[in-house]
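Printed here is upload.cif (mmCIF, C-alpha atoms and all ligand atoms):
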```
data_target
loop_
_atom_site.label_atom_id
_atom_site.label_comp_id
_atom_site.auth_asym_id
_atom_site.auth_seq_id
_atom_site.Cartn_x
_atom_site.Cartn_y
_atom_site.Cartn_z
CA MET Q 1 -23.11 156.60 23.39
CA ARG Q 2 -19.84 155.22 24.68
CA ILE Q 3 -20.06 155.46 28.45
CA ALA Q 4 -17.42 154.50 31.06
CA ILE Q 5 -18.74 153.43 34.46
CA GLY Q 6 -16.92 152.81 37.74
CA ALA Q 7 -17.99 152.37 41.33
CA ASP Q 8 -16.30 151.63 44.63
CA HIS Q 9 -17.74 149.25 47.24
CA GLY Q 10 -20.10 152.02 48.41
CA GLY Q 11 -21.48 152.38 44.90
CA TYR Q 12 -22.15 148.68 44.44
CA PRO Q 13 -24.64 147.27 43.37
CA LEU Q 14 -26.18 150.46 41.94
CA ASN Q 15 -23.48 150.39 39.22
CA GLU Q 16 -24.73 146.99 38.03
CA ARG Q 17 -28.27 148.33 37.74
CA VAL Q 18 -27.13 151.45 35.87
CA ILE Q 19 -25.09 149.32 33.46
CA GLU Q 20 -28.04 146.99 32.84
CA GLU Q 21 -30.27 149.99 32.12
CA LEU Q 22 -27.82 151.68 29.76
CA ARG Q 23 -26.94 148.51 27.87
CA GLY Q 24 -30.66 147.86 27.49
CA ALA Q 25 -30.99 151.29 25.93
CA GLY Q 26 -28.26 150.44 23.40
CA HIS Q 27 -25.28 152.27 24.88
CA GLU Q 28 -21.75 150.89 24.68
CA ILE Q 29 -20.42 150.47 28.21
CA THR Q 30 -16.85 150.27 29.47
CA ASP Q 31 -17.28 148.67 32.87
CA PHE Q 32 -14.48 149.32 35.38
CA GLY Q 33 -16.24 147.48 38.24
CA THR Q 34 -16.39 146.88 41.11
CA HIS Q 35 -18.36 143.68 40.98
CA ASP Q 36 -17.78 142.86 44.64
CA GLY Q 37 -19.19 145.25 47.20
CA SER Q 38 -17.81 143.18 50.09
CA GLN Q 39 -14.21 144.24 49.39
CA PRO Q 40 -13.28 147.73 50.61
CA ASP Q 41 -11.63 149.67 47.82
CA ASP Q 42 -10.80 153.30 47.00
CA TYR Q 43 -12.98 155.64 44.95
CA PRO Q 44 -10.02 157.66 43.54
CA ASP Q 45 -8.91 154.55 41.64
CA TYR Q 46 -12.24 154.41 39.81
CA ALA Q 47 -12.26 158.16 39.27
CA VAL Q 48 -8.91 157.90 37.48
CA LYS Q 49 -10.04 154.99 35.29
CA VAL Q 50 -13.30 156.63 34.25
CA GLY Q 51 -11.72 160.07 33.91
CA GLN Q 52 -8.91 158.78 31.70
CA ALA Q 53 -11.40 156.94 29.50
CA VAL Q 54 -13.18 160.26 28.94
CA GLN Q 55 -9.93 162.19 28.47
CA SER Q 56 -8.76 159.73 25.79
CA GLY Q 57 -12.07 159.74 23.96
CA GLU Q 58 -12.60 156.03 24.57
CA ALA Q 59 -15.77 157.15 26.34
CA GLU Q 60 -17.88 160.21 25.52
CA ILE Q 61 -19.04 160.52 29.11
CA GLY Q 62 -18.44 158.76 32.41
CA ILE Q 63 -20.47 157.75 35.43
CA LEU Q 64 -18.95 157.32 38.88
CA ILE Q 65 -20.77 155.93 41.88
CA CYS Q 66 -19.57 155.85 45.47
CA GLY Q 67 -21.40 155.99 48.80
CA SER Q 68 -22.15 159.70 48.75
CA GLY Q 69 -20.81 160.59 45.32
CA VAL Q 70 -18.71 163.30 46.98
CA GLY Q 71 -15.33 161.58 47.00
CA ALA Q 72 -15.74 160.43 43.42
CA ALA Q 73 -16.58 163.98 42.31
CA VAL Q 74 -13.66 165.51 44.19
CA ALA Q 75 -11.22 162.99 42.71
CA ALA Q 76 -12.57 163.16 39.14
CA ASN Q 77 -12.43 166.95 39.10
CA LYS Q 78 -8.66 166.76 39.66
CA LEU Q 79 -8.23 165.33 36.16
CA HIS Q 80 -7.53 167.84 33.42
CA GLY Q 81 -10.61 168.51 31.29
CA ILE Q 82 -12.94 166.52 33.50
CA ARG Q 83 -16.06 168.32 34.70
CA ALA Q 84 -17.73 165.99 37.16
CA ALA Q 85 -21.21 166.75 38.50
CA LEU Q 86 -22.54 165.26 41.71
CA CYS Q 87 -26.29 165.04 41.13
CA GLY Q 88 -29.09 164.07 43.47
CA ASP Q 89 -31.93 165.38 41.28
CA THR Q 90 -32.93 165.22 37.63
CA TYR Q 91 -32.76 169.00 37.07
CA SER Q 92 -29.06 169.03 37.95
CA GLY Q 93 -28.70 165.87 35.87
CA HIS Q 94 -29.61 167.62 32.61
CA GLN Q 95 -28.53 171.17 33.46
CA SER Q 96 -25.02 169.98 34.30
CA ARG Q 97 -24.72 168.94 30.66
CA GLU Q 98 -26.71 171.76 29.03
CA HIS Q 99 -25.01 174.65 30.88
CA ASP Q 100 -21.79 173.26 32.35
CA ASP Q 101 -20.88 170.70 29.67
CA CYS Q 102 -20.13 168.17 32.39
CA ASN Q 103 -18.64 164.95 31.10
CA VAL Q 104 -18.85 162.81 34.24
CA LEU Q 105 -21.92 162.15 36.38
CA CYS Q 106 -21.38 161.23 40.04
CA LEU Q 107 -24.01 159.50 42.12
CA GLY Q 108 -24.24 158.60 45.80
CA ALA Q 109 -25.65 155.11 46.15
CA ARG Q 110 -26.29 155.65 49.87
CA VAL Q 111 -28.14 158.89 49.17
CA VAL Q 112 -30.40 158.39 46.16
CA GLY Q 113 -32.71 155.45 45.65
CA GLU Q 114 -32.34 153.22 42.63
CA GLU Q 115 -35.23 154.64 40.62
CA LEU Q 116 -34.17 158.25 41.18
CA ALA Q 117 -30.60 157.34 40.28
CA LEU Q 118 -31.78 155.81 37.00
CA ASP Q 119 -33.86 158.92 36.21
CA ILE Q 120 -30.80 161.11 36.86
CA VAL Q 121 -28.71 158.89 34.59
CA ARG Q 122 -31.32 159.12 31.81
CA ALA Q 123 -31.47 162.91 32.17
CA PHE Q 124 -27.67 163.26 32.06
CA VAL Q 125 -27.18 160.88 29.13
CA ALA Q 126 -29.94 162.45 27.02
CA ALA Q 127 -28.88 166.07 27.57
CA ARG Q 128 -26.40 167.96 25.39
CA PHE Q 129 -24.38 171.13 25.91
CA SER Q 130 -26.42 174.08 24.64
CA GLY Q 131 -23.34 175.86 23.30
CA GLU Q 132 -24.76 179.24 24.29
CA GLU Q 133 -22.24 182.04 24.47
CA ARG Q 134 -22.73 182.73 28.17
CA HIS Q 135 -22.06 179.11 29.04
CA ARG Q 136 -18.99 178.99 26.79
CA ARG Q 137 -17.69 182.14 28.47
CA ARG Q 138 -18.01 180.55 31.92
CA LEU Q 139 -16.39 177.32 30.78
CA GLU Q 140 -13.49 179.30 29.37
CA LYS Q 141 -13.04 180.89 32.79
CA ILE Q 142 -12.98 177.46 34.41
CA ALA Q 143 -10.41 176.28 31.85
CA ALA Q 144 -8.30 179.35 32.66
CA ILE Q 145 -8.37 178.50 36.36
CA GLU Q 146 -7.32 174.94 35.56
CA LYS Q 147 -4.46 176.16 33.34
CA LYS Q 148 -3.22 178.63 35.98
CA GLU Q 149 -3.31 175.99 38.73
CA ARG Q 150 -1.28 173.55 36.66
CA GLY Q 151 1.45 176.17 36.15
C1 LIG Q 201 -16.78 154.47 51.33
O1 LIG Q 201 -17.09 154.07 52.63
C2 LIG Q 201 -17.20 155.91 51.11
O2 LIG Q 201 -16.39 156.76 51.88
C3 LIG Q 201 -17.11 156.27 49.65
O3 LIG Q 201 -17.87 155.38 48.90
C4 LIG Q 201 -17.64 157.64 49.26
O4 LIG Q 201 -18.90 157.86 49.79
C5 LIG Q 201 -16.77 158.79 49.51
O5 LIG Q 201 -17.14 159.95 49.26
#
```

Any chance you could give the structure as C-alpha cells?
Ligand code: RB5
Amino acid sequence: MRIAIGADHGGYPLNERVIEELRGAGHEITDFGTHDGSQPDDYPDYAVKVGQAVQSGEAEIGILICGSGVGAAVAANKLHGIRAALCGDTYSGHQSREHDDCNVLCLGARVVGEELALDIVRAFVAARFSGEERHRRRLEKIAAIEKKERG
C-alpha cells in the first residue's frame, strides 16, 4: 500500500520504527518526518501533510504519531474526508477500518509501547472496510454532518 507517515517530536522515534516495519513488509512510504525529536514542533503541521496526501490519493492511508495521539487525531479530523482513528489496542486498529472506513491511524508514542504500536499498525494496514449497509449508512450520516458544518 501507499502509506503517508508523519510524527511530531512527541512521536519520534516511534515513527522511524513504524516506517522500518512497513517498508520491510513491502509498503511504499511517504515520510513527512520528523527525524529530530529534540526540536519542538507542532502536530497540526504533520496532520495537514498526511491528511492532504490521503485526500489527493498520493497515499491510500496515513499514520500520524504524536505524544498522546490526541492532538494529531483532532487536527486530522478537521480535514474534509479524513476519518482519523486514535487507537491504543488492536481491536480498534482493525475495527476502525472494517466498520468506520478510517483512513488515518493515530498513535500516542508516550502511551503505547513499541511492540503494541506495531501490532496496531499491522491490524490497521491489513484491515479493509466491510462495505456492509449499516456501516455505509452511518458513514453517510457523518458525511452529512461534515457537509452541513462546512456550509
Ligand atoms: C507534544 O508535547 C504533545 O503535546 C503532542 O505530541 C501531542 O501529544 C498532542 O496531543

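Counting all atoms listed in the file, the residue from Q:Val54, Q:Ile19, Q:Ala47, Q:Leu79 that sits nearest to Q:Arg150 is Q:Leu79.
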
Counting all atoms listed in the file, the residue of Q:Val121, Q:Leu64, Q:Ala72, Q:Ala127 that sits nearest Q:Gln95: Q:Ala127

Expected answer as number ranges by chain: residues within 8 Å of ligand LIG 201 (chain Q), all atoms listed in the file: Q: 8-11, 40-43, 65-72, 108, 110

For those residues, write C-alpha atoms to a file as a PDB file, keeping the file's coordinate frame.
```pdb
ATOM      1  CA  ASP Q   8     -16.300 151.630  44.630  1.00  0.00           C
ATOM      2  CA  HIS Q   9     -17.740 149.250  47.240  1.00  0.00           C
ATOM      3  CA  GLY Q  10     -20.100 152.020  48.410  1.00  0.00           C
ATOM      4  CA  GLY Q  11     -21.480 152.380  44.900  1.00  0.00           C
ATOM      5  CA  PRO Q  40     -13.280 147.730  50.610  1.00  0.00           C
ATOM      6  CA  ASP Q  41     -11.630 149.670  47.820  1.00  0.00           C
ATOM      7  CA  ASP Q  42     -10.800 153.300  47.000  1.00  0.00           C
ATOM      8  CA  TYR Q  43     -12.980 155.640  44.950  1.00  0.00           C
ATOM      9  CA  ILE Q  65     -20.770 155.930  41.880  1.00  0.00           C
ATOM     10  CA  CYS Q  66     -19.570 155.850  45.470  1.00  0.00           C
ATOM     11  CA  GLY Q  67     -21.400 155.990  48.800  1.00  0.00           C
ATOM     12  CA  SER Q  68     -22.150 159.700  48.750  1.00  0.00           C
ATOM     13  CA  GLY Q  69     -20.810 160.590  45.320  1.00  0.00           C
ATOM     14  CA  VAL Q  70     -18.710 163.300  46.980  1.00  0.00           C
ATOM     15  CA  GLY Q  71     -15.330 161.580  47.000  1.00  0.00           C
ATOM     16  CA  ALA Q  72     -15.740 160.430  43.420  1.00  0.00           C
ATOM     17  CA  GLY Q 108     -24.240 158.600  45.800  1.00  0.00           C
ATOM     18  CA  ARG Q 110     -26.290 155.650  49.870  1.00  0.00           C
TER      19      ARG Q 110
END
```

For Q:Ser130: contacts at 12 Å, all atoms listed in the file, fewer than 2 positions along chain excluded, given as a PyMOL selection string: chain Q and resi 94-102+127-128+132-136

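Our summary of the geometry notes that atom CA of Q:Ser56 is positioned 27.2 Å from atom CA of Q:Asp119.
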
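Atom CA of Q:Tyr91 to atom CA of Q:Phe124 spans 9.2 Å [interatomic distance, one decimal].
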
Point-to-point distance from atom CA of Q:Thr30 to atom CA of Q:Leu139, Å rounded to tenths: 27.1 Å

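Closest approach to Q:Gly57 among Q:Pro13, Q:Gly33, Q:Gly81, Q:Pro44 is made by Q:Gly81 (distances from all atoms listed in the file).
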
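Candidate residues Q:Ile63, Q:Ala126, Q:Ala84, Q:Ala75 were compared for distance to Q:Leu14, and the nearest is Q:Ile63, using only C-alpha atoms.
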
Near-Q:Asp89 list (9 Å; all atoms listed in the file; drop same-chain fewer than 5 positions) as number ranges by chain: Q: 112, 116-117, 119-120

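Closest approach to Q:Phe129 among Q:Lys141, Q:Asn103, Q:Asn77, Q:Gly37: Q:Asn103, based on all atoms listed in the file.
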
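Each of Q:Val74, Q:Ala123, Q:Leu86, Q:Val48 was compared to Q:Leu107 using only C-alpha atoms, and Q:Leu86 turns out to be the nearest.
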
Near-Q:Ala4 list (12 Å; only C-alpha atoms; drop same-chain fewer than 2 positions) as a PyMOL selection string: chain Q and resi 1-2+6-7+15+18-19+22-23+27-33+46-65+103-106+125
